[in-house]
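Everything below concerns the one structure shown next.
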Amino acid sequence: MRMLSSLGGLARQILFAALALLMAFPFYWMVTSALKTNDEIWRSPPTLWPEVPLWGNFAAAWNEAPFARYMGNSIFVAGSIVILQIINSGMMAYALTHMKFRLKGVFAGVILFGYMVPATAVYLPGYLILSELHLLNSYAGLILSNSVSIFAIFLIRQAFLQVSHELVEAGEVDGASHMRILWTVLVPVTRSSFAVLALITFIDQYNNYFWPMLITKDPSLQLVSAGLRSFFVEGGAYGLKWPLIMAASAFTIAPLLLVFLLAQRTIMQSVNMTAGSSKG
Amino acid sequence: MTRSKFIGGLKPVLFTLPAMVPFAVFWLAPLLYVLYLSFTEWDFMSPEKTFVGLQNYTDLLSNPAFYKALKVTALFCIGSVLPVILLGLGLALLMNRKLKGSALYQVLLFSPWVTPTVAVSIVWSWIYQPEAGLANAVLNFFGLESIGWLQDPKWALTGVLLVTIWKSVGWAMIFYLVALRNVPSDLLEAGDLDGASPLQKFLRITLPLISPTTLFLFVVQLISALQAYDQINVLTQGGPSGSTRTLLYLYYQSAFESFQIGEASSVAVVLIFLCMLLSVFSFSISKRTTHYQ
């Protein structure tokens, strides 16, 4: 019996090793393809590891398109959005959980309603409104149009609900303003929710493609996904330079995998919180 | 007194403004605007929008491309949501018992989720490359014929779905792992005492207790399937011959490629309606049948 279960353990071990290998293989394939010559990459059957790895392909791809600019755009836009969302979600959640006002029910209802609207379905009218506001092709448009997230409001609201009113009332008795109570009392005790918000929003916005691509035609404003995609279509003429395209994909993906490795606890923790905030 | 009361009443509203103003401008206004546009005919260029009543909707209902997109959307939803949930649950169940190196496996299985869809779709389009791609090399290795993964209308949707599933399955697994850990062990032990088989325990105790997670994943995956764009845009652009053109992709193409703003808006309204229906439906189910602890 014990032998059977240890056999089962071994089988599971092998199964998971195989699965993990399978899931990670596209990343391995990307890197090895990036290191091949244009001749070798077309060989059939393919070689598992390049005969002579061309590490210079990474530098060559980096210099073929303004990737530093794209990444800078992504970091700047995603970072600004994170800051704005922390501020407005914090304030909104505070009003919804620790303040009394007449329109509260209406506001909460409107936001819940917004939760059901698929963002992509309103990209066309959103585009037209942005053009009326003269915000197309600008950092301001990229940042402001993404500055509010219903998910973020729900997440922070859920965290604030677990903070007792007494803590807030104690602050009020001390004569602290609501702003002060929010940022010096509530935010510190719910900082893990804010960390999750910051990380998830940053990754989402850094990777964002569809909406930023629609509202910016100027190549110097492109985020990294749109930049990579234009390199794929134009520079690579749909795949005549596959090694360089794979190299470019690799240095687009690498920073995110690195962030994930460094912050995996927080990111995995987000699962607990997103599941929780959907119940509230 | 009345003054301070007035300020006291105003302050909460001031707190909501930083969120409510962008929300109104970038969510509510577009929502109303798209509803209005769906009753008009407009091509982006001409100064006037012509009011045409329900014509865009009646046109849509007699347009075979719409029904085709509806069918592709349904296939895309089923073909991505069910595998992600079933595989996610299966993996979580296997991983829930003690397993050496499970932390490493979790990281590896989860990692596709954090990577940009556009970049990984480009990698997959190289894997799917008909002559020198890895996918066909594997098929050939096992003595099978090559497939036009993204070129053959029979296979293109499968190709796009594989990338979609690959990206989400580890994410679903983590959700289920958390849910399984929250199943109280005394309930399972009580099942043991009553002589329940592992399958009975799973069906009677575990599955009902993790049903909120199942419902959550179902809704989130369904809504993201209805909105899938990045991978379709990189891999197939809705082709070949419309075999991967979902409602969302049809909407995008009629708006930004053929500039049929009215027609596009009516597709958007259908899409919004579908999402709301699903949300309300799942909300009422969760109230009635799921077991919260």
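Order determines the names: the first chain of the structure tokens is A, the second B, and so forth; residues in each chain are numbered 1 upward, and ligands are numbered 1 upward as they are shown.
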Could you please write out, as a VMD selection string, every residue of segment 32-190 of chain B that DSSP assigns to strand (DSSP E)?
-> chain B and resid 40 to 41 50 to 51
Write to file, as an mmCIF file, in the first residue's frame, the residues of the selection just made, with N, CA, C and O atoms.
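Written out: again.cif:
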data_model
loop_
_atom_site.group_PDB
_atom_site.id
_atom_site.type_symbol
_atom_site.label_atom_id
_atom_site.label_comp_id
_atom_site.auth_asym_id
_atom_site.auth_seq_id
_atom_site.Cartn_x
_atom_site.Cartn_y
_atom_site.Cartn_z
ATOM 1 N N THR B 40 -27.578 55.569 -35.486
ATOM 2 C CA THR B 40 -27.229 56.508 -36.553
ATOM 3 C C THR B 40 -26.381 55.822 -37.622
ATOM 4 O O THR B 40 -25.931 54.696 -37.443
ATOM 5 N N GLU B 41 -26.211 56.566 -38.739
ATOM 6 C CA GLU B 41 -25.287 56.097 -39.749
ATOM 7 C C GLU B 41 -24.223 57.172 -39.908
ATOM 8 O O GLU B 41 -24.545 58.349 -40.057
ATOM 9 N N THR B 50 -26.530 60.628 -39.541
ATOM 10 C CA THR B 50 -27.933 60.465 -39.916
ATOM 11 C C THR B 50 -28.619 59.508 -38.949
ATOM 12 O O THR B 50 -28.123 58.406 -38.718
ATOM 13 N N PHE B 51 -29.787 59.956 -38.426
ATOM 14 C CA PHE B 51 -30.538 59.081 -37.521
ATOM 15 C C PHE B 51 -31.279 58.031 -38.344
ATOM 16 O O PHE B 51 -32.010 58.356 -39.253
#
Do me a favour and pick out the residues of chain B within 7 Å of chain A, using only C-alpha atoms, as a ChimeraX atom specification.
-> /B:9,12,15-16,18-19,22-23,26,30-31,33-34,105,108-109,111,114-116,118-119,123,132,137,175,178,227,230,255,268,271-272,275-276,279
Give me a file of those residues, with N, CA, C and O atoms, as a CSV table (one decimal), in the first residue's frame.
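The new file selection31.csv reads:
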chain,number,residue,atom,x,y,z
B,9,GLY,N,-21.6,67.5,4.4
B,9,GLY,CA,-22.3,66.7,3.3
B,9,GLY,C,-21.5,66.8,2.0
B,9,GLY,O,-21.7,65.9,1.2
B,12,PRO,N,-17.7,64.2,1.5
B,12,PRO,CA,-17.6,62.8,0.9
B,12,PRO,C,-17.7,62.9,-0.6
B,12,PRO,O,-17.0,62.1,-1.2
B,15,PHE,N,-14.5,63.6,-2.0
B,15,PHE,CA,-13.6,62.4,-1.9
B,15,PHE,C,-13.9,61.4,-3.1
B,15,PHE,O,-13.0,60.7,-3.5
B,16,THR,N,-15.1,61.5,-3.6
B,16,THR,CA,-15.4,60.6,-4.7
B,16,THR,C,-15.0,61.1,-6.1
B,16,THR,O,-14.9,60.4,-7.1
B,18,PRO,N,-12.2,62.4,-7.6
B,18,PRO,CA,-11.1,61.9,-8.4
B,18,PRO,C,-11.4,60.6,-9.1
B,18,PRO,O,-10.7,60.3,-10.2
B,19,ALA,N,-12.3,59.8,-8.6
B,19,ALA,CA,-12.6,58.5,-9.3
B,19,ALA,C,-13.8,58.8,-10.2
B,19,ALA,O,-13.9,58.2,-11.3
B,22,PRO,N,-13.2,60.8,-13.9
B,22,PRO,CA,-12.8,60.0,-15.0
B,22,PRO,C,-13.7,58.9,-15.4
B,22,PRO,O,-13.9,58.5,-16.5
B,23,PHE,N,-14.4,58.3,-14.3
B,23,PHE,CA,-15.4,57.3,-14.6
B,23,PHE,C,-16.5,57.7,-15.4
B,23,PHE,O,-16.9,57.1,-16.4
B,26,PHE,N,-14.9,58.5,-19.1
B,26,PHE,CA,-14.4,57.4,-19.9
B,26,PHE,C,-15.2,56.1,-19.8
B,26,PHE,O,-14.8,55.2,-20.4
B,30,PRO,N,-19.1,57.2,-22.7
B,30,PRO,CA,-19.0,56.3,-23.9
B,30,PRO,C,-20.1,55.3,-24.0
B,30,PRO,O,-20.6,55.0,-25.1
B,31,LEU,N,-20.6,54.9,-22.9
B,31,LEU,CA,-21.7,53.9,-22.9
B,31,LEU,C,-22.9,54.5,-23.5
B,31,LEU,O,-23.6,53.9,-24.3
B,33,TYR,N,-23.0,57.2,-25.4
B,33,TYR,CA,-22.6,57.6,-26.7
B,33,TYR,C,-22.8,56.4,-27.7
B,33,TYR,O,-23.3,56.6,-28.8
B,34,VAL,N,-22.3,55.3,-27.3
B,34,VAL,CA,-22.3,54.1,-28.2
B,34,VAL,C,-23.8,53.7,-28.5
B,34,VAL,O,-24.1,53.3,-29.6
B,105,TYR,N,6.9,24.6,-9.4
B,105,TYR,CA,5.9,24.3,-10.4
B,105,TYR,C,4.9,25.4,-10.5
B,105,TYR,O,4.4,25.7,-11.6
B,108,LEU,N,6.3,28.3,-12.4
B,108,LEU,CA,6.4,28.0,-13.8
B,108,LEU,C,5.1,28.0,-14.5
B,108,LEU,O,4.9,28.5,-15.6
B,109,LEU,N,4.1,27.4,-13.9
B,109,LEU,CA,2.8,27.3,-14.5
B,109,LEU,C,2.0,28.6,-14.5
B,109,LEU,O,1.3,28.9,-15.4
B,111,SER,N,3.6,31.6,-14.7
B,111,SER,CA,4.4,32.7,-15.4
B,111,SER,C,3.8,33.2,-16.7
B,111,SER,O,3.9,34.4,-16.9
B,114,VAL,N,1.7,36.6,-16.5
B,114,VAL,CA,2.2,37.9,-16.3
B,114,VAL,C,2.8,38.5,-17.6
B,114,VAL,O,3.1,39.7,-17.6
B,115,THR,N,3.0,37.7,-18.6
B,115,THR,CA,3.7,38.2,-19.8
B,115,THR,C,2.8,38.8,-20.7
B,115,THR,O,1.6,38.5,-20.8
B,116,PRO,N,3.3,39.8,-21.5
B,116,PRO,CA,2.4,40.5,-22.5
B,116,PRO,C,1.8,39.6,-23.5
B,116,PRO,O,2.6,38.8,-24.2
B,118,VAL,N,0.8,40.2,-26.4
B,118,VAL,CA,1.3,40.4,-27.8
B,118,VAL,C,2.6,39.7,-28.0
B,118,VAL,O,2.8,39.0,-29.0
B,119,ALA,N,3.5,39.8,-27.0
B,119,ALA,CA,4.9,39.2,-27.2
B,119,ALA,C,4.8,37.7,-27.2
B,119,ALA,O,5.4,37.1,-28.1
B,123,VAL,N,5.7,34.9,-30.3
B,123,VAL,CA,6.5,33.7,-30.1
B,123,VAL,C,5.7,32.5,-30.6
B,123,VAL,O,6.2,31.6,-31.3
B,132,ALA,N,8.8,25.7,-40.7
B,132,ALA,CA,9.9,25.4,-39.8
B,132,ALA,C,9.5,25.6,-38.3
B,132,ALA,O,10.3,25.6,-37.5
B,137,ALA,N,6.9,20.4,-36.4
B,137,ALA,CA,8.0,19.5,-36.2
B,137,ALA,C,7.7,18.4,-35.2
B,137,ALA,O,8.0,17.2,-35.4
B,175,PHE,N,-5.9,30.0,-8.1
B,175,PHE,CA,-7.2,30.3,-7.5
B,175,PHE,C,-7.8,29.0,-6.8
B,175,PHE,O,-8.2,29.1,-5.6
B,178,VAL,N,-5.9,28.0,-3.5
B,178,VAL,CA,-6.3,28.8,-2.4
B,178,VAL,C,-7.6,28.3,-1.9
B,178,VAL,O,-7.8,28.1,-0.7
B,227,GLN,N,-13.9,39.5,-24.7
B,227,GLN,CA,-13.1,40.7,-25.0
B,227,GLN,C,-11.7,40.4,-25.6
B,227,GLN,O,-10.9,41.3,-25.7
B,230,ASP,N,-5.9,40.8,-28.3
B,230,ASP,CA,-4.5,40.9,-28.6
B,230,ASP,C,-4.0,39.6,-29.3
B,230,ASP,O,-3.4,39.8,-30.4
B,255,ALA,N,-15.5,49.3,-37.1
B,255,ALA,CA,-15.3,50.6,-36.7
B,255,ALA,C,-14.0,51.2,-37.3
B,255,ALA,O,-14.0,52.3,-37.8
B,268,ALA,N,-21.4,46.6,-30.7
B,268,ALA,CA,-20.9,46.9,-29.3
B,268,ALA,C,-22.1,46.8,-28.3
B,268,ALA,O,-21.9,46.2,-27.2
B,271,LEU,N,-22.7,43.2,-27.6
B,271,LEU,CA,-21.7,42.7,-26.7
B,271,LEU,C,-21.9,43.1,-25.3
B,271,LEU,O,-21.8,42.3,-24.3
B,272,ILE,N,-22.2,44.4,-25.1
B,272,ILE,CA,-22.5,44.9,-23.7
B,272,ILE,C,-23.7,44.2,-23.1
B,272,ILE,O,-23.6,43.8,-21.9
B,275,CYS,N,-22.7,40.8,-21.9
B,275,CYS,CA,-21.9,40.8,-20.7
B,275,CYS,C,-22.8,41.1,-19.5
B,275,CYS,O,-22.6,40.5,-18.4
B,276,MET,N,-23.7,42.0,-19.7
B,276,MET,CA,-24.6,42.3,-18.5
B,276,MET,C,-25.5,41.1,-18.2
B,276,MET,O,-25.7,40.8,-17.0
B,279,SER,N,-23.5,38.7,-16.3
B,279,SER,CA,-23.2,39.2,-14.9
B,279,SER,C,-24.4,39.0,-14.0
B,279,SER,O,-24.3,38.5,-12.9
So how far away is atom CA of Asn96 of chain B from atom CA of Val220 of chain B, in Å?
->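 Taking atom CA of Val220 of chain B as the start and atom CA of Asn96 of chain B as the end point, the length is 23.2 Å.
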Compile the contact shell of segment 60-70 of chain B as a compact mmCIF listing (two decimals) with N, CA and C atoms, in the first residue's frame: residues with an atom at most 9 Å away, counting only C-alpha atoms, same-chain residues fewer than 4 positions apart removed.
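File written: out-v4.txt
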# COMPACT_ATOMS: atom_id res chain seq x y z
N GLN B 55 -32.37 50.59 -37.75
CA GLN B 55 -31.92 49.94 -38.99
C GLN B 55 -30.62 49.16 -38.82
N ASN B 56 -29.68 49.72 -38.03
CA ASN B 56 -28.42 49.00 -37.83
C ASN B 56 -28.65 47.63 -37.23
N ALA B 74 -19.09 32.07 -29.51
CA ALA B 74 -19.54 30.99 -28.63
C ALA B 74 -18.48 29.90 -28.54
N LEU B 75 -17.91 29.52 -29.69
CA LEU B 75 -16.87 28.48 -29.69
C LEU B 75 -15.65 28.95 -28.90
N GLY B 242 -12.63 34.52 -41.82
CA GLY B 242 -13.51 34.80 -40.69
C GLY B 242 -13.57 33.73 -39.63
N SER B 243 -12.67 32.72 -39.70
CA SER B 243 -12.79 31.60 -38.77
C SER B 243 -12.39 31.97 -37.34
N THR B 244 -11.71 33.11 -37.14
CA THR B 244 -11.40 33.54 -35.78
C THR B 244 -11.95 34.94 -35.50
N ARG B 245 -12.93 35.36 -36.32
CA ARG B 245 -13.49 36.70 -36.12
C ARG B 245 -14.61 36.63 -35.09
N THR B 246 -14.31 37.07 -33.87
CA THR B 246 -15.32 37.10 -32.81
C THR B 246 -16.14 38.38 -32.94
N LEU B 247 -17.17 38.50 -32.12
CA LEU B 247 -17.98 39.73 -32.12
C LEU B 247 -17.11 40.95 -31.89
N LEU B 248 -16.19 40.83 -30.91
CA LEU B 248 -15.36 41.98 -30.61
C LEU B 248 -14.49 42.35 -31.81
N TYR B 249 -13.97 41.32 -32.48
CA TYR B 249 -13.10 41.60 -33.62
C TYR B 249 -13.90 42.20 -34.78
N LEU B 250 -15.14 41.72 -34.96
CA LEU B 250 -16.03 42.27 -35.98
C LEU B 250 -16.29 43.75 -35.68
N GLU B 263 -23.01 50.63 -37.63
CA GLU B 263 -23.01 49.17 -37.58
C GLU B 263 -22.14 48.68 -36.43
N SER B 266 -23.76 49.08 -33.07
CA SER B 266 -24.81 48.12 -32.74
C SER B 266 -24.19 46.79 -32.30
N VAL B 267 -23.05 46.40 -32.89
CA VAL B 267 -22.35 45.20 -32.42
C VAL B 267 -21.89 45.39 -30.98
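The interatomic distance for the pair atom CA of Val183 of chain B and atom CA of Phe202 of chain B works out to 10.8 Å.
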